[in-house]
Structures are given as structure tokens and as C-alpha cells.
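Trainee: First the structure, then my questions, so here it is.
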Amino acid sequence: MGDLGEESAVIEPEKTTRWEQEQAKKKSVLQEQIQQEILREMDREHFVSDEEIWDVIQMRVLKTGQEIYLSIEEKQELIRRIFNSLRKLDVLQEILEDEEITEIMVNGHEHIFVEKEGRLMRYPSQFSSRRKLEDVVQQIVGKMNRMVNEANPIVDVRLEDGSRVNAVLPPVALNGPILTIRKFPAEPITMDKLILIGSVTEVAAAFLQSLVRAGFNIFISGGTGSGKTTFLNALSNAIPKEERVITIEDSAELQIQGIENLVKLEARNANLEGKNAVTIRDLIKSALRMRPDRIILGEVRDAAACELLSAMNTGHDGSLSTGHAGSPGDMLNRLETLVLMGMDIPLEAVRSQIASAIDIVVQLGRLRDKSRRVLEVDEVLDVRDGRIRLNPIYTFQEKGEDESGRIMGQLIWSGNEIQNQGKLQLAGIAVDYREVGECS
């Protein structure tokens, strides 16, 4: 893995000349003037459609020329920016429409950073004012019937396209409103695509898909940005289509495909009075009364681990979930801690519950070349000498870098086979470990 400086390096935009800076300033002033003129003239008692606003903006911009010379392309760009400011999410709109950008970080109105192709870079545009950024935050939050203000300065919501949004306002945020958006692809990434980009080998993918069909309880572990949700979505495509599946999430991100009998549940935070919260634990308890074949929990991060393990241990085989950890062993240790947060029972009993509930841990990681790979697949065996035993099935072995700096490696079969064969035998499924391809 790369060092901290390498991981957090930010690509700065190319420096502009003084003339370019002056032109950019003039365009910004012109944009603000046109926006204010249109707002003043708009009949606030009459609904104005997007098409009408666009026509008015286009007419005003095309008449400009005395204040500053603009090419046809620059005028079209100005029209779009003004429209986004009046009817959309201002500069944020153009970033959201860029499909190559996967994460957006707004640190106050003057500083915007984005993640593109796995690398952080400074975005060349900014909000015109702190007030404008605050308006955009309220617009996002208001659409989801949520509230954020000085009394309640932190909120988690999602956009209409499913993108996850976290907003933090002053006085908690010292450098102005902070907005962090995790985008998700419009088309869910399939296991075939993950194989194509080298995240997992074809045989290892087929092995895991066989375990899903056989009803193994699988836990996907990894650090932030390692692709846990993406991998869970891809793996869930192996669930038999006739089964009833219930998904439970803090903020809906899963994109389960092809399941007709699908129930999607989402937790709800408490209101300003601290009431009416619906927790993950509440949803799991309710889901158990909905006759699920499988329960998919987006992420385990609190004492809801108690209910998840209980569900896995009471006949809901084939359940899937994710969690933050650096290795399969660390993930099981973290689950111990989370369970102890919600139940006062001996540690030995907790470990026995975990070993009985979880069959497989898949470890994902983000390597120094920013690629996301499956690094390890372990079977969870039993508790011996006070520790949960793991049976490594596949491990990632690095083999250097190619000319472009991409890590070359191979997901190697350890030689160990699944020891707990019961579910495979009941499902009539045979797995092949041996024909392992190279991650290119």
C-alpha cells in the first residue's frame, strides 16, 4: 500500500495567466449581473417553467458583447451555468453530471475537490458566495424532507440518483458549509465488469457466486473507498431470482437487480425533538417478521450486529453485509466489539455466535495504484483456544508493476478447500478452486 502522502496527494489545476484570471473574473461578474436581473423581473406569483427560464437566459446572454467578448462556446457555457444557479445546484450540478467523478468534497464556498479515476484534484470552479452554497445545501436537504441548521448542523441524505450526501454547517464546520457527496454509477457494476477491470479473477468470482447460491452467509470487509457496496451489489446478482430479499440500510445505496420479491428498508434519524427515530436494529427485528429468505444489511457499524448475527443463526442463510476493517481477522474482532456494545454476554459466547453465523469473509482493498481488488477470501471455521479460526481460500499476490504503474498481481488459491461442506452438498453445488487467472 502507498504511504500517506501518496494516498492523499492532490492534483492542482494548471496555473492561469493574469489575463485569463481577469477574463474569468469578468465572466463571473457578468453571470451575477444577469442572474440578478432575471430574478428581479421574474413574476414570483407565476410559475415559470425551466424552458421559459432557459429561453430568457439565452436571450440575455446572446445579447452580451459590449461588457466582454464571448465566443459561441463560452456563451453556451454561461447559459448553462446561469440556469444551474437559478434552477439546479449551481456549480455542483456540472460536477454531478460528470460521470468520471466519483466523490465531491466542498470545503466552504471557495474550495472544491473531486475524486476522478481514483485521484484527488482541485476543481477549477467555486460557488459565488457562502450564501449560495448554503442555499444549495438547503435545497438538497429540503427535497428529502430533512432539516439542517445551527441547532442541528449535521445531516446525511441522498440525491435523487442515489448519491450519498453528508453536510456539516457552522458553527461545527469552522471554514464554512462542508458538503461531501459519494456518487454511484447510473448502471450497477456487474461481476463481469469487476473481472474485466481486474478486481477479481474469473474463477474466484465463480467460486463466490456458487457460495451465494448455496446460501453461505458472506461478510465483505474493507477500508473506506475499497468498493464494498459495489462488490456487494455485484455479488447479489447470484441470488436466485425467486427468493424474497430484504435490504436494510442507513442511507439507501444498494442496487439489487433482478429480484422481483424485493423489500427495501431505510433507517430514519430522530426529529428535532429527539423522537421518531427508526434504527437499523428496529428494521432488522421487523424484517424477521416479513418472511425473508435473505437479509442484506448495507453496513454494520453499531450494535445492530447483534440482530444481524441472530438472523444469520436462525435460518436466514445467504445473508450478506459489509463492514470497515483492514483484514478478515480485524473484521471479526470489530464485530465482537459491536456485539458487546449491544449485549452484556461473555466474550466466548460472542465469538461462538460470530463463528456460527458467518461463513465467509471477503477482504477488499485499495492498492497504491488506486485500483480496488479482492485481497483475500477466508472461511470462518470455529472457536479454538479462545480465538475464531479462519481458513484462507484465496490470497492476492503482487507481482510488480507494469509500465503505466498499475500493480500486476494474482489471486492465488491457497490449496485449502471449504471445510464446512454442508450447504454446498444440500444445494448440490460443486466448486472449483484451481483454475485461477491473473488479475491484469
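Labels used: A, B, ... for chains in the order of the C-alpha cells, numbers from 1 for residues in each chain, and numbers from 1 for ligands as shown.
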Using only C-alpha atoms, which residues sit within 10 Å of range 267-270 of chain A once same-chain residues fewer than 4 positions away are excluded, as a count of residues only?
Mentor: 18
Trainee: Using only C-alpha atoms, tabulate the residues of range 347-373 of chain A lying at most 8 Å from any atom of range 215-218 of chain A, each with its closest atom pair and that distance in Å to one decimal, by chain and increasing residue number, as JSON lines.
Mentor:
```
{"residue": "A:Ala357", "atom": "CA", "partner": "A:Asn217", "partner_atom": "CA", "distance": 7.0}
{"residue": "A:Ile358", "atom": "CA", "partner": "A:Asn217", "partner_atom": "CA", "distance": 5.2}
{"residue": "A:Asp359", "atom": "CA", "partner": "A:Asn217", "partner_atom": "CA", "distance": 5.2}
{"residue": "A:Ile360", "atom": "CA", "partner": "A:Ile218", "partner_atom": "CA", "distance": 4.8}
{"residue": "A:Val361", "atom": "CA", "partner": "A:Ile218", "partner_atom": "CA", "distance": 5.9}
{"residue": "A:Val362", "atom": "CA", "partner": "A:Ile218", "partner_atom": "CA", "distance": 7.4}
```
Trainee: How would the residues just picked look written out with N, CA, C and O atoms as an mmCIF file, in the first residue's frame?
Mentor:
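Printed below is out31.cif as written:
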```
data_model
loop_
_atom_site.group_PDB
_atom_site.id
_atom_site.type_symbol
_atom_site.label_atom_id
_atom_site.label_comp_id
_atom_site.auth_asym_id
_atom_site.auth_seq_id
_atom_site.Cartn_x
_atom_site.Cartn_y
_atom_site.Cartn_z
ATOM 1 N N ALA A 357 -22.436 -17.848 12.797
ATOM 2 C CA ALA A 357 -23.270 -17.070 11.873
ATOM 3 C C ALA A 357 -22.599 -16.818 10.539
ATOM 4 O O ALA A 357 -23.228 -16.939 9.479
ATOM 5 N N ILE A 358 -21.336 -16.436 10.543
ATOM 6 C CA ILE A 358 -20.654 -16.006 9.317
ATOM 7 C C ILE A 358 -19.855 -17.170 8.728
ATOM 8 O O ILE A 358 -19.069 -17.811 9.409
ATOM 9 N N ASP A 359 -20.063 -17.407 7.445
ATOM 10 C CA ASP A 359 -19.350 -18.490 6.756
ATOM 11 C C ASP A 359 -18.096 -18.016 6.041
ATOM 12 O O ASP A 359 -17.078 -18.701 6.033
ATOM 13 N N ILE A 360 -18.173 -16.849 5.393
ATOM 14 C CA ILE A 360 -17.088 -16.371 4.532
ATOM 15 C C ILE A 360 -16.861 -14.877 4.776
ATOM 16 O O ILE A 360 -17.813 -14.111 4.924
ATOM 17 N N VAL A 361 -15.577 -14.483 4.805
ATOM 18 C CA VAL A 361 -15.211 -13.066 4.830
ATOM 19 C C VAL A 361 -14.408 -12.761 3.569
ATOM 20 O O VAL A 361 -13.409 -13.430 3.289
ATOM 21 N N VAL A 362 -14.873 -11.784 2.797
ATOM 22 C CA VAL A 362 -14.170 -11.338 1.592
ATOM 23 C C VAL A 362 -13.519 -9.999 1.914
ATOM 24 O O VAL A 362 -14.209 -9.040 2.271
#
```
Trainee: Please identify all polymer residues within 7 Å of range 371-378 of chain A, counting only C-alpha atoms, omitting same-chain residues fewer than 4 positions from it, and present them as a short mmCIF file (atom, residue, chain, number, x, y, z; two decimals) with all heavy atoms, in the first residue's frame.
Mentor:
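What landed in around-v9.cif:
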```
data_model
loop_
_atom_site.label_atom_id
_atom_site.label_comp_id
_atom_site.auth_asym_id
_atom_site.auth_seq_id
_atom_site.Cartn_x
_atom_site.Cartn_y
_atom_site.Cartn_z
N SER A 199 -10.51 -6.58 -10.74
CA SER A 199 -10.77 -6.54 -9.30
C SER A 199 -10.82 -7.94 -8.69
O SER A 199 -10.52 -8.12 -7.51
CB SER A 199 -12.09 -5.82 -9.03
OG SER A 199 -12.00 -4.46 -9.36
N VAL A 200 -11.22 -8.92 -9.49
CA VAL A 200 -11.32 -10.29 -9.02
C VAL A 200 -11.10 -11.21 -10.22
O VAL A 200 -11.35 -10.81 -11.37
CB VAL A 200 -12.71 -10.54 -8.37
CG1 VAL A 200 -13.81 -10.40 -9.40
CG2 VAL A 200 -12.77 -11.89 -7.67
N SER A 226 -12.94 1.20 -0.68
CA SER A 226 -12.39 -0.03 -1.25
C SER A 226 -13.37 -0.73 -2.18
O SER A 226 -13.01 -1.71 -2.84
CB SER A 226 -11.95 -1.00 -0.14
OG SER A 226 -13.04 -1.33 0.70
N GLY A 227 -14.62 -0.26 -2.24
CA GLY A 227 -15.59 -0.83 -3.17
C GLY A 227 -16.50 -1.88 -2.57
O GLY A 227 -17.01 -2.75 -3.28
N ILE A 360 -18.17 -16.85 5.39
CA ILE A 360 -17.09 -16.37 4.53
C ILE A 360 -16.86 -14.88 4.78
O ILE A 360 -17.81 -14.11 4.92
CB ILE A 360 -17.43 -16.58 3.04
CG1 ILE A 360 -17.56 -18.06 2.70
CG2 ILE A 360 -16.39 -15.92 2.13
CD1 ILE A 360 -16.24 -18.83 2.72
N VAL A 361 -15.58 -14.48 4.80
CA VAL A 361 -15.21 -13.07 4.83
C VAL A 361 -14.41 -12.76 3.57
O VAL A 361 -13.41 -13.43 3.29
CB VAL A 361 -14.38 -12.69 6.08
CG1 VAL A 361 -14.00 -11.21 6.03
CG2 VAL A 361 -15.16 -12.99 7.36
N VAL A 362 -14.87 -11.78 2.80
CA VAL A 362 -14.17 -11.34 1.59
C VAL A 362 -13.52 -10.00 1.91
O VAL A 362 -14.21 -9.04 2.27
CB VAL A 362 -15.14 -11.18 0.40
CG1 VAL A 362 -14.38 -10.70 -0.84
CG2 VAL A 362 -15.87 -12.48 0.12
N GLN A 363 -12.20 -9.93 1.81
CA GLN A 363 -11.48 -8.71 2.12
C GLN A 363 -11.14 -7.94 0.84
O GLN A 363 -10.50 -8.48 -0.07
CB GLN A 363 -10.17 -9.03 2.87
CG GLN A 363 -9.37 -7.81 3.29
CD GLN A 363 -10.09 -6.99 4.35
OE1 GLN A 363 -10.79 -7.53 5.21
NE2 GLN A 363 -9.95 -5.68 4.28
N LEU A 364 -11.57 -6.69 0.78
CA LEU A 364 -11.26 -5.82 -0.34
C LEU A 364 -10.23 -4.79 0.09
O LEU A 364 -10.11 -4.45 1.26
CB LEU A 364 -12.51 -5.10 -0.85
CG LEU A 364 -13.73 -5.95 -1.19
CD1 LEU A 364 -14.84 -5.06 -1.74
CD2 LEU A 364 -13.37 -7.02 -2.20
N GLY A 365 -9.49 -4.26 -0.88
CA GLY A 365 -8.51 -3.23 -0.58
C GLY A 365 -8.28 -2.32 -1.76
O GLY A 365 -8.57 -2.68 -2.91
N ARG A 366 -7.78 -1.12 -1.46
CA ARG A 366 -7.44 -0.16 -2.49
C ARG A 366 -5.93 -0.03 -2.51
O ARG A 366 -5.33 0.45 -1.55
CB ARG A 366 -8.10 1.18 -2.18
CG ARG A 366 -8.07 2.15 -3.33
CD ARG A 366 -8.87 3.38 -2.97
NE ARG A 366 -8.97 4.28 -4.10
CZ ARG A 366 -9.51 5.49 -4.02
NH1 ARG A 366 -9.99 5.91 -2.87
NH2 ARG A 366 -9.57 6.26 -5.07
N LEU A 367 -5.32 -0.46 -3.60
CA LEU A 367 -3.88 -0.50 -3.69
C LEU A 367 -3.31 0.87 -4.03
O LEU A 367 -4.03 1.82 -4.31
CB LEU A 367 -3.45 -1.54 -4.72
CG LEU A 367 -4.01 -2.97 -4.49
CD1 LEU A 367 -3.44 -3.93 -5.52
CD2 LEU A 367 -3.71 -3.44 -3.07
N LEU A 390 -9.72 -19.06 11.10
CA LEU A 390 -10.00 -18.75 9.70
C LEU A 390 -9.28 -19.74 8.80
O LEU A 390 -8.17 -20.18 9.10
CB LEU A 390 -9.56 -17.33 9.37
CG LEU A 390 -10.34 -16.19 10.05
CD1 LEU A 390 -9.66 -14.85 9.78
CD2 LEU A 390 -11.78 -16.17 9.57
N ASN A 391 -9.93 -20.05 7.69
CA ASN A 391 -9.35 -20.95 6.69
C ASN A 391 -9.15 -20.16 5.39
O ASN A 391 -10.11 -19.97 4.63
CB ASN A 391 -10.29 -22.14 6.46
CG ASN A 391 -9.80 -23.06 5.34
OD1 ASN A 391 -8.61 -23.17 5.11
ND2 ASN A 391 -10.74 -23.68 4.65
N PRO A 392 -7.93 -19.66 5.11
CA PRO A 392 -7.72 -18.86 3.89
C PRO A 392 -7.94 -19.70 2.64
O PRO A 392 -7.35 -20.77 2.49
CB PRO A 392 -6.25 -18.43 4.01
CG PRO A 392 -5.90 -18.61 5.46
CD PRO A 392 -6.71 -19.78 5.92
N ILE A 393 -8.78 -19.19 1.73
CA ILE A 393 -9.05 -19.89 0.47
C ILE A 393 -8.28 -19.23 -0.68
O ILE A 393 -7.60 -19.90 -1.45
CB ILE A 393 -10.56 -19.89 0.16
CG1 ILE A 393 -11.36 -20.46 1.35
CG2 ILE A 393 -10.83 -20.71 -1.11
CD1 ILE A 393 -11.06 -21.90 1.67
N TYR A 394 -8.39 -17.91 -0.78
CA TYR A 394 -7.65 -17.15 -1.80
C TYR A 394 -6.92 -15.99 -1.15
O TYR A 394 -7.44 -15.36 -0.22
CB TYR A 394 -8.61 -16.58 -2.87
CG TYR A 394 -9.25 -17.59 -3.76
CD1 TYR A 394 -10.57 -17.99 -3.56
CD2 TYR A 394 -8.55 -18.15 -4.83
CE1 TYR A 394 -11.18 -18.92 -4.39
CE2 TYR A 394 -9.14 -19.08 -5.66
CZ TYR A 394 -10.45 -19.46 -5.43
OH TYR A 394 -11.05 -20.39 -6.25
N THR A 395 -5.73 -15.69 -1.66
CA THR A 395 -4.98 -14.50 -1.22
C THR A 395 -4.38 -13.83 -2.45
O THR A 395 -3.99 -14.49 -3.41
CB THR A 395 -3.86 -14.85 -0.23
OG1 THR A 395 -3.00 -15.83 -0.81
CG2 THR A 395 -4.42 -15.39 1.07
N PHE A 396 -4.31 -12.49 -2.40
CA PHE A 396 -3.76 -11.73 -3.52
C PHE A 396 -2.24 -11.68 -3.39
O PHE A 396 -1.69 -11.37 -2.34
CB PHE A 396 -4.32 -10.31 -3.52
CG PHE A 396 -3.82 -9.46 -4.66
CD1 PHE A 396 -4.36 -9.59 -5.93
CD2 PHE A 396 -2.80 -8.55 -4.47
CE1 PHE A 396 -3.90 -8.81 -6.98
CE2 PHE A 396 -2.33 -7.76 -5.50
CZ PHE A 396 -2.88 -7.89 -6.77
#
```
Trainee: What does the distance between CA of Leu411 in chain A and CA of Gly318 in chain A come to in Å, to one decimal place?
Mentor: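 These two atoms are separated by 23.9 Å.
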Trainee: By how many Å are CA of Arg60 in chain A and CA of Ser28 in chain A apart?
Mentor: 15.0 Å
Trainee: Just list as a ChimeraX atom specification whatever in range 66-315 of chain A DSSP marks as strand (DSSP E or B).
Mentor: /A:101-107,112-116,119-122,154-158,164-168,178-182,218-222,245-249,262-266,268,278,294-297
Trainee: Rounded to one decimal place, report the CA of Ala205 in chain A-CA of Glu242 in chain A distance in Å.
Mentor: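 Spanning CA of Ala205 in chain A to CA of Glu242 in chain A is a straight-line distance of 21.7 Å.
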Trainee: May I ask which of the residues A:Ala304, A:Pro292, A:Pro185, A:Ser286 is the closest one to Leu254 in chain A, counting only C-alpha atoms?
Mentor: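 Of all the options, A:Pro185 lies closest to Leu254 in chain A.
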Trainee: What's the 10 Å shell around Glu94 in chain A, counting only C-alpha atoms, without same-chain residues fewer than 2 positions away, as a list in words?
Mentor: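 Once the adjacent positions are removed, what remains is Arg80, Arg81, Asn84, Lys88, Leu89, Asp90, Val91, Leu92, Leu96, Glu97, Asp98 and Ser125 of chain A.
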Trainee: Given the selection you just returned, output its residues as a file containing all heavy atoms, formatted as a CSV table (one decimal), in the first residue's frame.
Mentor:
```
chain,number,residue,atom,x,y,z
A,80,ARG,N,-25.6,27.8,-19.5
A,80,ARG,CA,-25.7,26.6,-18.6
A,80,ARG,C,-25.4,26.9,-17.2
A,80,ARG,O,-26.2,26.4,-16.3
A,80,ARG,CB,-24.8,25.5,-19.2
A,80,ARG,CG,-25.0,24.1,-18.5
A,80,ARG,CD,-24.2,23.1,-19.2
A,80,ARG,NE,-22.8,23.4,-19.1
A,80,ARG,CZ,-22.0,23.1,-18.0
A,80,ARG,NH1,-22.6,22.5,-17.0
A,80,ARG,NH2,-20.8,23.4,-18.0
A,81,ARG,N,-24.4,27.7,-16.9
A,81,ARG,CA,-24.0,28.0,-15.5
A,81,ARG,C,-25.1,28.8,-14.9
A,81,ARG,O,-25.5,28.6,-13.7
A,81,ARG,CB,-22.7,28.8,-15.5
A,81,ARG,CG,-21.5,27.9,-15.7
A,81,ARG,CD,-20.2,28.7,-15.7
A,81,ARG,NE,-19.0,27.9,-15.9
A,81,ARG,CZ,-18.4,27.4,-14.9
A,81,ARG,NH1,-18.8,27.6,-13.6
A,81,ARG,NH2,-17.3,26.7,-15.1
A,84,ASN,N,-28.1,26.6,-14.1
A,84,ASN,CA,-27.8,25.7,-13.0
A,84,ASN,C,-27.9,26.5,-11.7
A,84,ASN,O,-28.3,25.9,-10.7
A,84,ASN,CB,-26.4,25.1,-13.1
A,84,ASN,CG,-26.4,24.0,-14.2
A,84,ASN,OD1,-27.4,23.4,-14.5
A,84,ASN,ND2,-25.2,23.6,-14.6
A,88,LYS,N,-31.0,24.7,-10.7
A,88,LYS,CA,-30.3,23.4,-10.3
A,88,LYS,C,-29.5,23.6,-9.0
A,88,LYS,O,-29.9,24.4,-8.2
A,88,LYS,CB,-29.5,22.9,-11.4
A,88,LYS,CG,-30.3,22.6,-12.7
A,88,LYS,CD,-31.2,21.4,-12.5
A,88,LYS,CE,-32.0,21.0,-13.8
A,88,LYS,NZ,-32.8,19.9,-13.7
A,89,LEU,N,-28.3,23.0,-9.0
A,89,LEU,CA,-27.4,23.1,-7.8
A,89,LEU,C,-26.2,23.9,-8.1
A,89,LEU,O,-25.1,23.6,-7.5
A,89,LEU,CB,-27.1,21.6,-7.4
A,89,LEU,CG,-28.3,20.8,-7.0
A,89,LEU,CD1,-27.8,19.3,-6.6
A,89,LEU,CD2,-29.0,21.4,-5.8
A,90,ASP,N,-26.3,24.9,-8.9
A,90,ASP,CA,-25.2,25.8,-9.2
A,90,ASP,C,-24.0,25.0,-9.7
A,90,ASP,O,-24.2,24.1,-10.5
A,90,ASP,CB,-24.8,26.6,-7.9
A,90,ASP,CG,-24.1,27.9,-8.2
A,90,ASP,OD1,-24.6,28.8,-8.9
A,90,ASP,OD2,-22.9,28.0,-7.8
A,91,VAL,N,-22.8,25.3,-9.3
A,91,VAL,CA,-21.6,24.7,-9.8
A,91,VAL,C,-21.6,23.2,-9.5
A,91,VAL,O,-21.0,22.4,-10.2
A,91,VAL,CB,-20.3,25.4,-9.2
A,91,VAL,CG1,-20.2,25.2,-7.7
A,91,VAL,CG2,-19.1,24.9,-9.9
A,92,LEU,N,-22.3,22.8,-8.5
A,92,LEU,CA,-22.4,21.4,-8.1
A,92,LEU,C,-23.0,20.6,-9.2
A,92,LEU,O,-22.7,19.4,-9.4
A,92,LEU,CB,-23.1,21.3,-6.8
A,92,LEU,CG,-23.0,20.0,-6.0
A,92,LEU,CD1,-21.5,19.8,-5.6
A,92,LEU,CD2,-23.9,20.0,-4.8
A,96,LEU,N,-21.8,16.9,-10.7
A,96,LEU,CA,-22.6,15.8,-10.6
A,96,LEU,C,-22.9,15.1,-12.0
A,96,LEU,O,-23.0,13.9,-12.1
A,96,LEU,CB,-24.0,16.1,-10.0
A,96,LEU,CG,-24.0,16.4,-8.5
A,96,LEU,CD1,-25.3,17.0,-8.0
A,96,LEU,CD2,-23.6,15.2,-7.7
A,97,GLU,N,-22.9,15.9,-13.0
A,97,GLU,CA,-23.2,15.4,-14.4
A,97,GLU,C,-21.9,14.8,-15.0
A,97,GLU,O,-22.0,14.1,-16.0
A,97,GLU,CB,-23.7,16.5,-15.3
A,97,GLU,CG,-25.1,17.0,-14.9
A,97,GLU,CD,-25.6,18.2,-15.6
A,97,GLU,OE1,-24.8,18.7,-16.4
A,97,GLU,OE2,-26.7,18.7,-15.4
A,98,ASP,N,-20.8,15.0,-14.4
A,98,ASP,CA,-19.5,14.4,-14.9
A,98,ASP,C,-19.5,12.9,-14.4
A,98,ASP,O,-19.2,12.7,-13.2
A,98,ASP,CB,-18.3,15.2,-14.4
A,98,ASP,CG,-17.0,14.7,-15.1
A,98,ASP,OD1,-16.9,13.5,-15.5
A,98,ASP,OD2,-16.1,15.5,-15.2
A,125,SER,N,-13.7,25.5,-10.5
A,125,SER,CA,-14.8,26.4,-10.2
A,125,SER,C,-15.1,26.5,-8.7
A,125,SER,O,-14.6,25.6,-7.9
A,125,SER,CB,-16.0,26.0,-11.0
A,125,SER,OG,-15.8,25.9,-12.4
```
